[in-house]
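Engineer: Encoded as structure tokens, here's the structure I'll be asking about.
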Amino acid sequence: MRFRIYRYDPESGARPAMRDYEIEFEPRGKKLLDALIAIKDTLDESLSFRRSCREGVCGSDGVNVNGRNVLACVTALEGLKEPIEIRPLPRLGVVRDLIVDMGQFYQHYRAVKPYLINLDPEPENERPQSPQERAELDGLWECILCGCCTTACPSFWWNPDKFLGPAALLQGYRFIADSRDQATNERLDFMEDPYRLFRCHGIMNCVEVCPKGLNPTQAIGKIKTLIVKRAL
Amino acid sequence: MQARIPKRTFDAVIVGGGGAGLRAALQLAEANLKVALISKVFPTRSHTVSAQGGITAALANVSDDNWHWHMYDTVKGSDYLGDQDAIEYMCRNAPTAVYELEHMGLPFSRLDNGKIYQRPFGGQSQNYGGDQAIRTCAAADRTGHALLHTLYQRNIAARTQFFDEFYALDLIRDEAGTVLGVTALEIETGQPWLFEARATLLATGGAGRIFRHSTNAHINTGDGLGMVLRAGLPLEDMEFWQFHPTGIPIVGSLITEAVRGEGGYLLNKDGERFMSRYAPNARDLASRDVVSRAIAQELRGGRGCGPHGDYVHLKIDHIGADKIKERLPGIRDLSLQFAGVDPIADPIPVTPTAHYMMGGIPSNLHGQVVAPVRTGPEEAVPGLYAVGECACVSVHGANRLGGNSLLDLVVFGRAAGLHMLDYLRENPIPRPLPQAEVEKSLARLARWDKPKPENGGGESVAGLRGDMQRVMQDHCGVYRNEALLRAGLEQLTQVAARLPDAALSDHSKMFNTARLEALELENLMLIARATLVSALARTESRGAHSREDHPRRDDDHWLRHSLYFTGNDHLDYKPVRLKPLTVETFQPKERTY
């Protein structure tokens with residue numbers, strides 16, 4: 001199989017470049033991560049990428065493949081057009097090869113206060129929540145923070161420092177939607193901003209690429225609706 | 001003498017950002033201590049995230065239940081090798097621990113009455129071996145994800161100081177045996193650091209990557225265990241590895257026990273529900289070691305499915321598409337992606353797969369690392385703690401029950417945090433750092449700067465790792481015997497002898513993952529050896545350690561924990577703590593399901 005992979009060695013002084021690799025590899029049933037590991041193990045140990053769970057739940061190995069953001073470990077090799085072109089996630093600084101600097105992404109995540117705020121004394125047992133209330137969280141809490149959505153978003157490309165991006169906004173809404181959370185107003189106050197929230201123009205690249213099938217655009221729409229509603 | 005590497009000083013340093021490390025960090029950070037959490041991956045990439053089915057606690061939300069029954073099941077599940085004081089502590093504190101997670105915001109699935117959803121898991125009973133209990137609390141089939149993210153989020157709120165993508169190298173231990181911190185490599189820059197702390201907690205997780213096929217993440221390389229062995233301390237019960245009955249063949253991805261908890265069952269190629277023959281009462285919800293052996297027997301008997309007869313079928317379609325989508329969405333994803341099967345229509349191919357390390361760093365129920373140093377077999381090592389899969393408390397003994405590992409993380413993460421608070425209060429003065437120990441660690445790191453031979457030959461890290469994994473897979477699986485283990489040990493010795501000849505071609509500093517894998521391999525090699533040596537010595541069958549040449553449990557000789565020391569492969573033993581904290585001992589008896 002033929003691959004064309006983005007290489008950047010920060011210590012070499014050389015500019016980033018695409019390098020071609022050819023490897024005997026039976027693609028049937030195999031994922032892109034298997035191929036990356038095979039290249040690293042047998043052809044070029046300097047090829048650098050992140051990986052952990054290798055089953056699509058930890059969010060380490062987001063990369064851009066043939067122009068689309070994916071998780072390498074759940075992307076089937078079969079059906080990918082060769083040479084398979086692999087680049088780091090767009091717009092973030094590249095540390096080395098396929099490894100990007102996620103600092104900005106994590107900063108936006110922390111900014112939405114991604115934790116339950118409830119100032120009531122804790123009850124002896126669980127806080128009750130009906131299955132219907134709990135269902136409001138489905139499609140929100142499953143986010144794995146891989147960054148595929150945010151780095152696919154043109155609004156983020158333009159304003160990476162100011163626009164929170166789909167992943168952080170999805171997590172912001174995950175707590176607004178939680179019947180146990182008491183900080184909805186505070187959360188909306190923070191997001192009600194021409195950049196943080198309103199740079200989202202509903203382009204929906206985030207929905208298109210999310211490897212977990214989540215829908216950040218819908219969550220962002222719900223935040224906007226809440227902001228409009230409380231202004232009335 | 002001044003250290004030649006930069007130093008950071010904290011009250012406590014925690015190595016590992018999974019559930020155990022995060023829970024302990026939270027305890028310390030909320031007490032306003034200066035705590036550093038160093039992790040080789042961003043914390044939510046830790047292997048806790050892969051836990052699926054749930055966390056066990058006797059909440060009695062669905063079936064009649066109490067912690068005494070949970071304790072009985074855990075002791076029995078451990079094949080009586082678990083320490084009953086620690087098991088009592090865990091089971092008693094389980095409901096509190098789960099409610100605490102709920103209060104933190106963990107999105108548990110719910111029952112119609114608004115309480116936390118619980119499902120049946122293997123080895124759970126009411127009334128000491130009676131009817132099936134329904135005890136495992138779940139967030140769909142992504143409970144580990146929910147737990148890990150919730151704990152990380154609480155640590156953000158508590159302002160824990162994270163050092164993400166720092167790889168811990170070695171413990172720094174002075175001549176008196178006190179642990180004073182760790183050396184760690186900042187992965188992005190390649191800069192080694194010294195983290196000085198009056199208390200150090202290891203929460204580095206398991207080492208399933210010693211096997212070729214494993215449910216474990218790539219990062220599960222037992223780094224904390226290697227650190228402990230190199231510091232001259234032992235590892236406990238390393239012969240006990242859990243083979244999960246239902247991993248996807250070759251790929252290894254876990255198919256949770258919750259599939260059977262929700263009504264799924266195993267079939268051989270004749271379509272027979274074969275578990276009825278092996279565990280007439282509990283059937284598919286027998287303990288994991290029992291189910292794994294049953295599957296292995298079916299495969300040996302030529303009743304496996306597929307062209308090579310190397311797996312059995314896990315059928316779940318009969319519970320209906322809606323329930324599968326609601327309760328097992330992650331399993332459906334994994335089956336579709338890695339087995340090419342939609343469980344709504346077809347059975348999932350599964351086979352026993354290396355999953356969990358019951359052994360580990362010997363510790364007590366306060367998370368203190370204990371070792372036979374001078375006086376007794378369980379003397380606390382000052383300043384050193386271990387919790388989670390890397391530790392051996394031992395609550396899992398010879399076989400862990402499903403749903404007890406997430407519980408272990410939070411109960412003992414909290415316990416260790418509490419004990420560290422006391423320890424730090426009683427030991428306010430930092431001790432001088434032994435510079436020689438730091439140098440030793442740096443020398444180990446520098447060893448990988450050795451140039452690769454001109455002809456491009458020499459051993460490669462990937463090649464050695466593959467060979468080691470093959471040896472472990474072929475010689476230390478579900479069934480073992482002396483000849484098999486002895487041959488495995490010989491082969492492993494040969495593989496290990498090639499390690500000094502290994503060299504890297506990549507000597508760059510920044511984000512050098514080749515060097516990282518080399519350092520991980522050093523740890524894996526030590527752990528593989530500890531496993532084989534301990535397994536060879538234990539001439540009985542207990543829990544997950546099944547010796548064909550010694551098929552019976554032998555309480556007269558082997559109701560004791562193994563302690564393995566590296567270097568000369570020395571083995572020592574210590575008694576099982578049969579006396580619980582407040583209740584009567586559960587006396588060892590025959591174990592049937």
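Letters for chains follow the order of the structure tokens (A, B, ...), residue numbers begin at 1 for each chain, and ligand numbers begin at 1 in the order shown.
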Skip stretch 314-330 of chain B itself and residues of its chain fewer than 3 positions away, then list as an MDAnalysis selection string all residues within 6 Å of it, counting only C-alpha atoms.

Structural biologist: chainID B and resid 140:141 264:266 333 343:345 347:348

Engineer: Residues of the last selection are to be written out with N, CA, C and O atoms, as a tab-separated table (two decimals), in the first residue's frame.

Structural biologist:
chain	number	residue	atom	x	y	z
B	140	ALA	N	-24.68	3.61	30.50
B	140	ALA	CA	-24.78	2.78	29.27
B	140	ALA	C	-23.70	1.71	29.33
B	140	ALA	O	-23.55	1.03	30.34
B	141	ASP	N	-22.89	1.57	28.26
B	141	ASP	CA	-21.75	0.65	28.32
B	141	ASP	C	-20.46	1.44	28.14
B	141	ASP	O	-19.51	0.99	27.53
B	264	GLY	N	-27.45	-11.69	27.15
B	264	GLY	CA	-26.74	-12.39	26.10
B	264	GLY	C	-26.19	-13.71	26.60
B	264	GLY	O	-26.08	-13.94	27.80
B	265	TYR	N	-25.89	-14.64	25.67
B	265	TYR	CA	-25.27	-15.89	26.07
B	265	TYR	C	-24.35	-16.43	24.99
B	265	TYR	O	-24.40	-16.00	23.83
B	266	LEU	N	-23.49	-17.38	25.41
B	266	LEU	CA	-22.46	-17.93	24.53
B	266	LEU	C	-22.96	-19.20	23.85
B	266	LEU	O	-23.69	-19.99	24.46
B	333	ASP	N	-20.92	-0.37	18.31
B	333	ASP	CA	-19.86	0.29	17.53
B	333	ASP	C	-18.66	-0.63	17.36
B	333	ASP	O	-18.15	-0.81	16.25
B	343	PRO	N	-24.53	-6.65	16.19
B	343	PRO	CA	-25.10	-7.56	17.19
B	343	PRO	C	-26.63	-7.53	17.22
B	343	PRO	O	-27.25	-8.42	17.80
B	344	ILE	N	-27.24	-6.55	16.58
B	344	ILE	CA	-28.69	-6.52	16.48
B	344	ILE	C	-29.18	-7.68	15.62
B	344	ILE	O	-30.29	-8.19	15.80
B	345	ALA	N	-28.32	-8.13	14.68
B	345	ALA	CA	-28.72	-9.19	13.77
B	345	ALA	C	-27.96	-10.50	14.00
B	345	ALA	O	-28.53	-11.58	13.88
B	347	PRO	N	-24.58	-12.92	15.97
B	347	PRO	CA	-23.75	-13.07	17.16
B	347	PRO	C	-22.34	-12.51	16.97
B	347	PRO	O	-21.84	-12.47	15.85
B	348	ILE	N	-21.74	-12.07	18.08
B	348	ILE	CA	-20.40	-11.48	18.03
B	348	ILE	C	-19.37	-12.60	18.25
B	348	ILE	O	-19.51	-13.39	19.18

Engineer: Just need the residues of chain B within 7 Å of chain A, counting only C-alpha atoms, so spit them out as a list of chain:residue names.

Structural biologist: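 Result, ordered by chain then number: B:Thr44, B:Arg45, B:His47, B:Val49, B:Ser50, B:Tyr99, B:Glu102, B:His103, B:Met104, B:Gly105, B:Ser109, B:Arg110, B:Leu111, B:Asp112, B:Asn113, B:Gly114, B:Lys115, B:Gln153, B:Arg154, B:Ala217, B:His218, B:Ile219, B:Ser253, B:Gln337, B:Ala462, B:Asp506, B:Phe511, B:Thr513, B:Ala514.
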
Engineer: Give the alpha helix (DSSP H) residues of stretch 159-227 of chain A, as assigned by DSSP on the backbone, as a ChimeraX atom specification.

Structural biologist: /A:165-176,184-191,205-209,216-227

Engineer: Might you pull out every residue within 10 Å of A:Gly67, with only C-alpha atoms counted and same-chain residues fewer than 2 positions away left off, and present them as a VMD selection string?

Structural biologist: chain A and resid 63 to 65 69 to 70 84 to 87 89 to 90 152

Engineer: From the options B:Leu233, B:Val369, B:Ala199, B:Met227, which residue's atoms come nearest to B:Asp572, counting only C-alpha atoms?

Structural biologist: B:Leu233

Engineer: Which neighbours of B:Leu526 fall inside 12 Å, counting only C-alpha atoms, when residues of the same chain fewer than 3 positions from it are skipped, and could you give them as a ChimeraX atom specification?

Structural biologist: /B:207,210,221-230,234-235,238,468,492-493,495-496,499,519-523,529-533,564-569

Engineer: Could you write out the selected residues, including N, CA and C atoms, as a tab-separated table (two decimals), in the first residue's frame?

Structural biologist:
chain	number	residue	atom	x	y	z
B	207	ALA	N	-0.45	-3.84	32.68
B	207	ALA	CA	0.66	-4.13	31.78
B	207	ALA	C	0.26	-5.19	30.77
B	210	ILE	N	2.14	-7.11	27.76
B	210	ILE	CA	3.11	-8.21	27.71
B	210	ILE	C	2.57	-9.33	26.81
B	221	THR	N	1.82	-0.46	29.80
B	221	THR	CA	3.13	-1.09	29.79
B	221	THR	C	3.71	-1.21	31.20
B	222	GLY	N	2.88	-1.03	32.21
B	222	GLY	CA	3.33	-1.32	33.58
B	222	GLY	C	4.52	-0.50	34.05
B	223	ASP	N	4.51	0.79	33.72
B	223	ASP	CA	5.69	1.60	34.04
B	223	ASP	C	5.95	1.69	35.54
B	224	GLY	N	4.89	1.82	36.33
B	224	GLY	CA	5.07	1.90	37.78
B	224	GLY	C	5.66	0.61	38.35
B	225	LEU	N	5.30	-0.51	37.74
B	225	LEU	CA	5.81	-1.80	38.23
B	225	LEU	C	7.31	-1.91	37.97
B	226	GLY	N	7.72	-1.45	36.80
B	226	GLY	CA	9.15	-1.44	36.49
B	226	GLY	C	9.90	-0.55	37.47
B	227	MET	N	9.32	0.61	37.78
B	227	MET	CA	9.97	1.54	38.71
B	227	MET	C	10.16	0.89	40.08
B	228	VAL	N	9.15	0.17	40.52
B	228	VAL	CA	9.18	-0.47	41.82
B	228	VAL	C	10.23	-1.59	41.85
B	229	LEU	N	10.25	-2.40	40.80
B	229	LEU	CA	11.26	-3.48	40.76
B	229	LEU	C	12.67	-2.91	40.77
B	230	ARG	N	12.88	-1.85	39.97
B	230	ARG	CA	14.23	-1.27	39.92
B	230	ARG	C	14.63	-0.66	41.25
B	234	PRO	N	9.39	-5.58	45.79
B	234	PRO	CA	8.81	-6.73	45.09
B	234	PRO	C	7.50	-6.42	44.38
B	235	LEU	N	7.06	-7.36	43.55
B	235	LEU	CA	5.71	-7.37	42.99
B	235	LEU	C	4.98	-8.60	43.53
B	238	MET	N	2.07	-11.98	40.70
B	238	MET	CA	2.14	-11.66	39.27
B	238	MET	C	1.71	-12.81	38.36
B	468	MET	N	8.74	-10.99	22.65
B	468	MET	CA	8.33	-11.15	24.05
B	468	MET	C	6.83	-11.44	24.14
B	492	LEU	N	12.07	-16.46	26.96
B	492	LEU	CA	12.05	-15.06	27.38
B	492	LEU	C	13.46	-14.61	27.79
B	493	THR	N	14.19	-15.51	28.43
B	493	THR	CA	15.57	-15.19	28.82
B	493	THR	C	16.39	-14.85	27.58
B	495	VAL	N	15.23	-13.71	24.71
B	495	VAL	CA	14.78	-12.42	24.16
B	495	VAL	C	15.38	-11.28	24.99
B	496	ALA	N	15.33	-11.45	26.31
B	496	ALA	CA	15.83	-10.39	27.21
B	496	ALA	C	17.33	-10.18	27.02
B	499	LEU	N	18.20	-7.61	24.53
B	499	LEU	CA	17.81	-6.21	24.79
B	499	LEU	C	19.01	-5.25	24.85
B	519	LEU	N	11.82	2.62	26.39
B	519	LEU	CA	11.75	2.66	27.86
B	519	LEU	C	10.59	1.81	28.36
B	520	GLU	N	9.48	1.83	27.63
B	520	GLU	CA	8.34	1.00	28.00
B	520	GLU	C	8.68	-0.49	27.90
B	521	LEU	N	9.44	-0.83	26.86
B	521	LEU	CA	9.82	-2.23	26.67
B	521	LEU	C	10.65	-2.75	27.85
B	522	GLU	N	11.52	-1.88	28.39
B	522	GLU	CA	12.31	-2.29	29.56
B	522	GLU	C	11.39	-2.70	30.71
B	523	ASN	N	10.31	-1.95	30.89
B	523	ASN	CA	9.36	-2.29	31.95
B	523	ASN	C	8.60	-3.58	31.62
B	529	ARG	N	8.81	-11.37	32.89
B	529	ARG	CA	9.63	-12.32	33.65
B	529	ARG	C	9.02	-12.59	35.03
B	530	ALA	N	8.59	-11.53	35.70
B	530	ALA	CA	7.95	-11.69	37.01
B	530	ALA	C	6.76	-12.64	36.89
B	531	THR	N	6.01	-12.50	35.81
B	531	THR	CA	4.82	-13.33	35.59
B	531	THR	C	5.20	-14.80	35.42
B	532	LEU	N	6.15	-15.07	34.55
B	532	LEU	CA	6.54	-16.45	34.27
B	532	LEU	C	7.15	-17.12	35.49
B	533	VAL	N	8.03	-16.42	36.18
B	533	VAL	CA	8.70	-17.02	37.35
B	533	VAL	C	7.68	-17.32	38.44
B	564	TYR	N	7.68	-11.31	44.19
B	564	TYR	CA	8.78	-11.51	43.24
B	564	TYR	C	9.74	-10.32	43.29
B	565	PHE	N	11.03	-10.61	43.40
B	565	PHE	CA	12.06	-9.57	43.34
B	565	PHE	C	12.87	-9.75	42.06
B	566	THR	N	13.18	-8.66	41.41
B	566	THR	CA	13.94	-8.76	40.17
B	566	THR	C	15.42	-8.97	40.49
B	567	GLY	N	16.21	-9.20	39.47
B	567	GLY	CA	17.65	-9.40	39.67
B	567	GLY	C	17.94	-10.88	39.70
B	568	ASN	N	17.70	-11.51	40.87
B	568	ASN	CA	17.97	-12.94	40.94
B	568	ASN	C	16.69	-13.78	40.91
B	569	ASP	N	15.59	-13.19	40.50
B	569	ASP	CA	14.30	-13.91	40.44
B	569	ASP	C	13.90	-14.49	41.79

Engineer: Between B:Glu378, B:His550, B:Ala25, B:His313, which is the closest to B:Val341 once you count only C-alpha atoms?

Structural biologist: B:His313
